[in-house]
Amino acid sequence: MSKSIGHGCKAPITIALDNAAGDAVLVESGVVLGSRSVEETYGWLRPCVNESSDQDPAKLEGPSNLLLNDDGLLTMITKANKAEFPALRGLQSRSFNSDHSLLIACQAISEMADRLGLVTTIKEQANEIYKKIEDLKSVRGKSQGPIVAACLYIACRQQGKPHTFKEICSVANGTSKKEIGRALKFIAIQLEKKLGMSMEMGAIHPGDFLRRFCSQLGLNNQVIKAATESVKRSELLDIRKSPISIAAAAIYMVSQLSEEKKALKDIARVAGVAEITIKNSYKDLYPHASQLIPDWFLKLEDLNKLSEP
């Protein structure tokens, strides 16, 4: 907010109120005329609140965004003659543009995370990753969609809740797996080259995806439990396939021994991998079926129900 005051002066002066700091600043010289002009107890909000209620007036204040350069509390400085103080106006414009871009990215991340049912810590982690890239001025001229989707993918991995490219793509408004893959490489290069940071994402395991896949396929708890035990046991074997394809192959194998048989194409659709990829992993699991499938779920004669790879 700004005020022009002319009383006792030969020319009007402009005062800008910094709501974040509570200071009144003389725009013409940058001199702070008064400090802490906003009462710390938010008493200025009290006329709007019923005095007899237990409502805390401070709760009427919107939360600030600590990722933004101004904590989300921006004071716009206006002047009739825009030719004056060009440096100040240019600085404000650059700060506004940067914060506006960051705010849009944070909103996009929040919407995607909500659709996937992700926790707040993953959202915050994704926001921080994007902020680092934004601060490097590396995203200028690049499509924001793949970048924010990649940030969310990385955050899921770093928080121990990995999601597949297909799952991220399903909420990324048309962004393809290839675009997210390129964005991942771009982010890794930027962080390592300019900040000296390695993008650690942690190892992923078949069990990270299995329960989610089973739920989407509508399998019952017994089948889910048997498939979960199977993938845990598979980690003791030297099966060099992707965790996602191993999880899908275990579901395929266990479902064949249940009353809820699932077609390979349905499992491939949920897992976001090709049918041939699941078949190749199933081929590695099949010889160890008696070791992988728990005894309480499997009878030896039931092994004959398994289709050969």
# chains A, B, ... in the order shown; residues from 1 in each chain; ligands from 1
>>> residues_around(residues="Asp238 (chain A)", least_positions_apart="6", cutoff="12 Å", atoms="only C-alpha atoms", output="list of chain:residue names")
A:Ile246, A:Ser281, A:Asp284, A:Leu285, A:His288
>>> closest_atom_pairs(of="region 120-209 of chain A", to="region 262-279 of chain A", cutoff="8 Å", atoms="only C-alpha atoms", output="tab-separated table")
residue	atom	partner	partner_atom	distance
A:Thr164	CA	A:Gly272	CA	7.5
A:Phe165	CA	A:Gly272	CA	7.8
A:Lys166	CA	A:Gly272	CA	5.4
A:Glu167	CA	A:Gly272	CA	7.9
>>> write_last_selection(atoms="N, CA, C and O atoms", output="PDB file, in the first residue's frame")
ATOM      1  N   THR A 164       5.415 -44.658 -10.222  1.00  0.00           N
ATOM      2  CA  THR A 164       5.881 -44.918 -11.583  1.00  0.00           C
ATOM      3  C   THR A 164       5.696 -43.679 -12.455  1.00  0.00           C
ATOM      4  O   THR A 164       4.916 -42.772 -12.127  1.00  0.00           O
ATOM      5  N   PHE A 165       6.408 -43.668 -13.582  1.00  0.00           N
ATOM      6  CA  PHE A 165       6.212 -42.590 -14.550  1.00  0.00           C
ATOM      7  C   PHE A 165       4.755 -42.523 -14.988  1.00  0.00           C
ATOM      8  O   PHE A 165       4.200 -41.441 -15.171  1.00  0.00           O
ATOM      9  N   LYS A 166       4.148 -43.704 -15.160  1.00  0.00           N
ATOM     10  CA  LYS A 166       2.759 -43.742 -15.609  1.00  0.00           C
ATOM     11  C   LYS A 166       1.842 -43.056 -14.597  1.00  0.00           C
ATOM     12  O   LYS A 166       0.932 -42.309 -14.973  1.00  0.00           O
ATOM     13  N   GLU A 167       2.086 -43.288 -13.321  1.00  0.00           N
ATOM     14  CA  GLU A 167       1.246 -42.675 -12.285  1.00  0.00           C
ATOM     15  C   GLU A 167       1.429 -41.160 -12.266  1.00  0.00           C
ATOM     16  O   GLU A 167       0.448 -40.417 -12.111  1.00  0.00           O
TER      17      GLU A 167
END
>>> residues_around(residues="region 171-184 of chain A", least_positions_apart="4", cutoff="6 Å", atoms="only C-alpha atoms", output="PyMOL selection string")
chain A and resi 112+146-147+150+165
>>> write_last_selection(atoms="all heavy atoms", output="PDB file, in the first residue's frame")
ATOM      1  N   MET A 112      -1.264 -32.043  -8.365  1.00  0.00           N
ATOM      2  CA  MET A 112      -0.868 -33.397  -8.765  1.00  0.00           C
ATOM      3  C   MET A 112      -0.754 -34.309  -7.545  1.00  0.00           C
ATOM      4  O   MET A 112      -1.205 -35.456  -7.558  1.00  0.00           O
ATOM      5  CB  MET A 112       0.459 -33.352  -9.522  1.00  0.00           C
ATOM      6  CG  MET A 112       0.370 -32.741 -10.908  1.00  0.00           C
ATOM      7  SD  MET A 112       1.881 -32.989 -11.883  1.00  0.00           S
ATOM      8  CE  MET A 112       3.064 -32.025 -10.944  1.00  0.00           C
ATOM      9  N   PRO A 146       6.715 -30.575 -17.557  1.00  0.00           N
ATOM     10  CA  PRO A 146       7.633 -31.692 -17.305  1.00  0.00           C
ATOM     11  C   PRO A 146       8.542 -31.461 -16.101  1.00  0.00           C
ATOM     12  O   PRO A 146       8.877 -32.411 -15.384  1.00  0.00           O
ATOM     13  CB  PRO A 146       8.453 -31.770 -18.600  1.00  0.00           C
ATOM     14  CG  PRO A 146       7.583 -31.148 -19.636  1.00  0.00           C
ATOM     15  CD  PRO A 146       6.849 -30.062 -18.931  1.00  0.00           C
ATOM     16  N   ILE A 147       8.932 -30.196 -15.866  1.00  0.00           N
ATOM     17  CA  ILE A 147       9.834 -29.893 -14.746  1.00  0.00           C
ATOM     18  C   ILE A 147       9.147 -30.164 -13.408  1.00  0.00           C
ATOM     19  O   ILE A 147       9.700 -30.826 -12.526  1.00  0.00           O
ATOM     20  CB  ILE A 147      10.312 -28.426 -14.788  1.00  0.00           C
ATOM     21  CG1 ILE A 147      11.066 -28.135 -16.093  1.00  0.00           C
ATOM     22  CG2 ILE A 147      11.196 -28.118 -13.589  1.00  0.00           C
ATOM     23  CD1 ILE A 147      12.361 -28.874 -16.235  1.00  0.00           C
ATOM     24  N   ALA A 150       8.641 -33.885 -12.898  1.00  0.00           N
ATOM     25  CA  ALA A 150       9.896 -34.537 -12.519  1.00  0.00           C
ATOM     26  C   ALA A 150      10.247 -34.251 -11.063  1.00  0.00           C
ATOM     27  O   ALA A 150      10.740 -35.129 -10.347  1.00  0.00           O
ATOM     28  CB  ALA A 150      11.029 -34.076 -13.433  1.00  0.00           C
ATOM     29  N   PHE A 165       6.408 -43.668 -13.582  1.00  0.00           N
ATOM     30  CA  PHE A 165       6.212 -42.590 -14.550  1.00  0.00           C
ATOM     31  C   PHE A 165       4.755 -42.523 -14.988  1.00  0.00           C
ATOM     32  O   PHE A 165       4.200 -41.441 -15.171  1.00  0.00           O
ATOM     33  CB  PHE A 165       7.104 -42.802 -15.771  1.00  0.00           C
ATOM     34  CG  PHE A 165       8.518 -42.322 -15.579  1.00  0.00           C
ATOM     35  CD1 PHE A 165       9.521 -42.746 -16.430  1.00  0.00           C
ATOM     36  CD2 PHE A 165       8.849 -41.437 -14.576  1.00  0.00           C
ATOM     37  CE1 PHE A 165      10.837 -42.310 -16.270  1.00  0.00           C
ATOM     38  CE2 PHE A 165      10.143 -40.989 -14.397  1.00  0.00           C
ATOM     39  CZ  PHE A 165      11.144 -41.430 -15.246  1.00  0.00           C
TER      40      PHE A 165
END
>>> closest_residue(among="A:Leu210, A:Ala226, A:Leu102, A:Ile168", to="Trp296 (chain A)", atoms="only C-alpha atoms")
A:Ala226
>>> atom_distance(atom1="CA of Ala227 (chain A)", atom2="CA of Arg157 (chain A)")
22.3 Å
>>> decode(residues="region 121-135 of chain A", atoms="all heavy atoms", output="CSV table (one decimal), in the first residue's frame")
chain,number,residue,atom,x,y,z
A,121,THR,N,4.6,-33.7,3.2
A,121,THR,CA,6.1,-33.7,3.1
A,121,THR,C,6.6,-33.9,1.7
A,121,THR,O,7.6,-33.4,1.3
A,121,THR,CB,6.7,-34.8,4.1
A,121,THR,OG1,6.1,-36.1,3.8
A,121,THR,CG2,6.5,-34.4,5.5
A,122,ILE,N,5.9,-34.7,0.9
A,122,ILE,CA,6.3,-34.9,-0.5
A,122,ILE,C,6.1,-33.7,-1.3
A,122,ILE,O,6.9,-33.3,-2.1
A,122,ILE,CB,5.6,-36.1,-1.1
A,122,ILE,CG1,6.0,-37.4,-0.4
A,122,ILE,CG2,5.8,-36.2,-2.6
A,122,ILE,CD1,5.3,-38.7,-0.9
A,123,LYS,N,4.9,-33.0,-1.0
A,123,LYS,CA,4.7,-31.7,-1.7
A,123,LYS,C,5.8,-30.7,-1.4
A,123,LYS,O,6.3,-30.1,-2.3
A,123,LYS,CB,3.3,-31.1,-1.3
A,123,LYS,CG,2.1,-31.9,-1.6
A,123,LYS,CD,0.9,-31.2,-1.1
A,123,LYS,CE,-0.4,-32.0,-1.1
A,123,LYS,NZ,-1.5,-31.3,-0.6
A,124,GLU,N,6.1,-30.6,-0.1
A,124,GLU,CA,7.1,-29.6,0.3
A,124,GLU,C,8.5,-29.9,-0.3
A,124,GLU,O,9.2,-29.0,-0.8
A,124,GLU,CB,7.2,-29.6,1.8
A,124,GLU,CG,5.9,-29.0,2.4
A,124,GLU,CD,6.0,-29.1,4.0
A,124,GLU,OE1,6.8,-29.8,4.5
A,124,GLU,OE2,5.1,-28.5,4.6
A,125,GLN,N,8.8,-31.2,-0.4
A,125,GLN,CA,10.1,-31.6,-1.0
A,125,GLN,C,10.1,-31.3,-2.5
A,125,GLN,O,11.1,-30.8,-3.0
A,125,GLN,CB,10.3,-33.1,-0.8
A,125,GLN,CG,11.6,-33.7,-1.3
A,125,GLN,CD,12.8,-33.4,-0.4
A,125,GLN,OE1,12.6,-32.8,0.6
A,125,GLN,NE2,13.9,-33.9,-0.8
A,126,ALA,N,9.1,-31.5,-3.2
A,126,ALA,CA,9.0,-31.2,-4.6
A,126,ALA,C,9.1,-29.7,-4.8
A,126,ALA,O,9.8,-29.2,-5.7
A,126,ALA,CB,7.7,-31.7,-5.2
A,127,ASN,N,8.4,-28.9,-4.0
A,127,ASN,CA,8.5,-27.5,-4.0
A,127,ASN,C,10.0,-27.0,-3.9
A,127,ASN,O,10.4,-26.1,-4.6
A,127,ASN,CB,7.6,-26.8,-3.0
A,127,ASN,CG,6.1,-26.9,-3.3
A,127,ASN,OD1,5.8,-27.2,-4.4
A,127,ASN,ND2,5.3,-26.8,-2.3
A,128,GLU,N,10.7,-27.5,-2.9
A,128,GLU,CA,12.0,-27.1,-2.6
A,128,GLU,C,13.0,-27.5,-3.8
A,128,GLU,O,13.9,-26.7,-4.1
A,128,GLU,CB,12.5,-27.8,-1.4
A,128,GLU,CG,11.9,-27.3,-0.1
A,128,GLU,CD,12.3,-28.0,1.2
A,128,GLU,OE1,13.2,-28.9,1.0
A,128,GLU,OE2,11.8,-27.8,2.2
A,129,ILE,N,12.7,-28.6,-4.4
A,129,ILE,CA,13.5,-29.0,-5.6
A,129,ILE,C,13.3,-28.0,-6.7
A,129,ILE,O,14.3,-27.5,-7.3
A,129,ILE,CB,13.2,-30.4,-6.1
A,129,ILE,CG1,13.6,-31.4,-5.0
A,129,ILE,CG2,13.9,-30.8,-7.4
A,129,ILE,CD1,13.1,-32.8,-5.2
A,130,TYR,N,12.0,-27.7,-7.0
A,130,TYR,CA,11.8,-26.7,-8.0
A,130,TYR,C,12.4,-25.3,-7.7
A,130,TYR,O,12.9,-24.7,-8.6
A,130,TYR,CB,10.2,-26.6,-8.2
A,130,TYR,CG,9.9,-25.7,-9.4
A,130,TYR,CD1,9.8,-26.2,-10.7
A,130,TYR,CD2,9.8,-24.3,-9.3
A,130,TYR,CE1,9.6,-25.4,-11.8
A,130,TYR,CE2,9.5,-23.5,-10.3
A,130,TYR,CZ,9.4,-24.0,-11.6
A,130,TYR,OH,9.2,-23.2,-12.7
A,131,LYS,N,12.3,-24.9,-6.4
A,131,LYS,CA,12.9,-23.6,-6.0
A,131,LYS,C,14.4,-23.6,-6.3
A,131,LYS,O,14.9,-22.5,-6.8
A,131,LYS,CB,12.6,-23.4,-4.5
A,131,LYS,CG,13.2,-22.1,-4.0
A,131,LYS,CD,12.4,-20.9,-4.5
A,131,LYS,CE,12.6,-19.7,-3.6
A,131,LYS,NZ,14.0,-19.2,-3.5
A,132,LYS,N,15.1,-24.7,-6.1
A,132,LYS,CA,16.5,-24.7,-6.4
A,132,LYS,C,16.8,-24.5,-7.9
A,132,LYS,O,17.7,-23.7,-8.3
A,132,LYS,CB,17.1,-26.0,-5.9
A,132,LYS,CG,17.2,-26.2,-4.4
A,132,LYS,CD,17.7,-27.6,-4.0
A,132,LYS,CE,17.7,-27.7,-2.5
A,132,LYS,NZ,18.1,-29.1,-2.1
A,133,ILE,N,16.0,-25.1,-8.7
A,133,ILE,CA,16.2,-25.0,-10.2
A,133,ILE,C,15.7,-23.6,-10.6
A,133,ILE,O,16.4,-23.0,-11.4
A,133,ILE,CB,15.3,-26.1,-10.9
A,133,ILE,CG1,15.8,-27.5,-10.5
A,133,ILE,CG2,15.4,-25.9,-12.4
A,133,ILE,CD1,17.2,-27.8,-10.8
A,134,GLU,N,14.7,-23.1,-10.0
A,134,GLU,CA,14.2,-21.7,-10.3
A,134,GLU,C,15.3,-20.7,-10.0
A,134,GLU,O,15.5,-19.7,-10.8
A,134,GLU,CB,12.9,-21.4,-9.6
A,134,GLU,CG,12.4,-20.0,-9.7
A,134,GLU,CD,11.7,-19.7,-11.0
A,134,GLU,OE1,11.2,-20.7,-11.7
A,134,GLU,OE2,11.6,-18.5,-11.4
A,135,ASP,N,15.9,-20.8,-8.8
A,135,ASP,CA,16.9,-19.9,-8.4
A,135,ASP,C,18.1,-19.9,-9.3
A,135,ASP,O,18.8,-18.9,-9.4
A,135,ASP,CB,17.3,-20.2,-7.0
A,135,ASP,CG,16.3,-19.8,-5.9
A,135,ASP,OD1,15.3,-19.1,-6.3
A,135,ASP,OD2,16.4,-20.3,-4.8
